[in-house]
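I have placed the structure first, in the form of structure tokens, so that the comments after it can refer back to it.
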Amino acid sequence: MPSGGTNAGARSARPRDTALVVFDSWALLAYLGDERSAGRIESAWIDEGAAISSINLGEVLYIRIRSHGEESASVDIARVRQLLEVIDPDPPLVSAAAAIKARGGLSYADAFCIATALRAGMPLWTGDPEIVDRAAHLSCEVVDLR
């Protein structure tokens, strides 16, 4: 089982040429925090490769800064950034996320992970109740990690 905090880079997850799943902030925070679903997240990351929107990575960064301090959070994010495929938004992805956000009920960061999964044609891995509860109404597959 992985350990959280500054040991995040010591795990066996590795970069992939092509990711097959998209993580949202919830999934990466669960992994870094060594929560119950961390092992499942790590297995997908190793076996299938994983991507995350840079918007969601930024959300993880500010949450980790609040809970672990800026230095520890920055080290963790730098390490996982090397191991994940990080997708920076371009204008079409921004427009897609804005359209998702406009429907209501989701944060803008949530809209980015959904738009990223839709564009890539990959399942979205999350435990975020706001996303999971709307899974039937989304156009992408949602894997509930709770």
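Identifiers in the structure tokens: chain A, B, ... in order shown; residue index from 1 per chain; ligand index from 1 in order shown.
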
inquiry  = Could you list, as JSON, numbers by chain, every residue within 10 Å of range 19-27 of chain A, counting only C-alpha atoms and ignoring same-chain residues fewer than 4 positions away?
reply    = {"A": [15, 31, 32, 33, 35, 37, 38, 40, 41, 42, 44, 45, 46, 47, 48, 49, 50, 51, 52, 53, 55, 56, 57, 58, 59, 60, 61, 63, 84, 85, 86, 87, 109, 110, 111, 112, 113, 114, 116, 117, 118, 120, 121, 122, 123, 124, 125, 126, 127, 128, 129, 131, 141, 142, 143, 144, 145, 146]}

task = Please identify which residues in chain A DSSP calls alpha helix (DSSP H) from the backbone, and express them as a ChimeraX atom specification.
result = /A:25-32,38-48,54-68,70-83,91-102,108-120,129-132

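Take CA of Glu130 in chain A and CA of Gly105 in chain A: the distance between them is 7.2 Å.
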
Would you list, as an mmCIF file with C-alpha atoms, in the first residue's frame, the residues of range 9-140 of chain A that end up in strand (DSSP E) under DSSP run on this structure's backbone?
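Final output, states_33.cif:
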```cif
data_model
loop_
_atom_site.group_PDB
_atom_site.id
_atom_site.type_symbol
_atom_site.label_atom_id
_atom_site.label_comp_id
_atom_site.auth_asym_id
_atom_site.auth_seq_id
_atom_site.Cartn_x
_atom_site.Cartn_y
_atom_site.Cartn_z
ATOM 1 C CA VAL A 21 -7.811 6.599 -17.375
ATOM 2 C CA VAL A 22 -8.336 10.175 -16.203
ATOM 3 C CA PHE A 23 -8.020 11.059 -12.525
ATOM 4 C CA ALA A 50 -3.276 7.907 -15.975
ATOM 5 C CA ALA A 51 -3.864 11.484 -17.037
ATOM 6 C CA ILE A 52 -5.062 14.554 -15.158
ATOM 7 C CA SER A 53 -5.978 18.060 -16.221
ATOM 8 C CA GLU A 85 0.183 12.616 -18.271
ATOM 9 C CA VAL A 86 -0.769 16.225 -17.479
ATOM 10 C CA ILE A 87 -3.203 17.738 -19.963
ATOM 11 C CA LEU A 124 -12.976 9.278 -15.226
ATOM 12 C CA TRP A 125 -11.814 7.866 -11.893
ATOM 13 C CA THR A 126 -13.219 9.722 -8.892
#
```

key: Distance criterion (only C-alpha atoms): nearest to Leu28 in chain A out of A:Lys101, A:Arg66, A:Arg134, A:Arg81   =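 The shortest atom-to-atom distance to Leu28 in chain A comes from A:Arg81.
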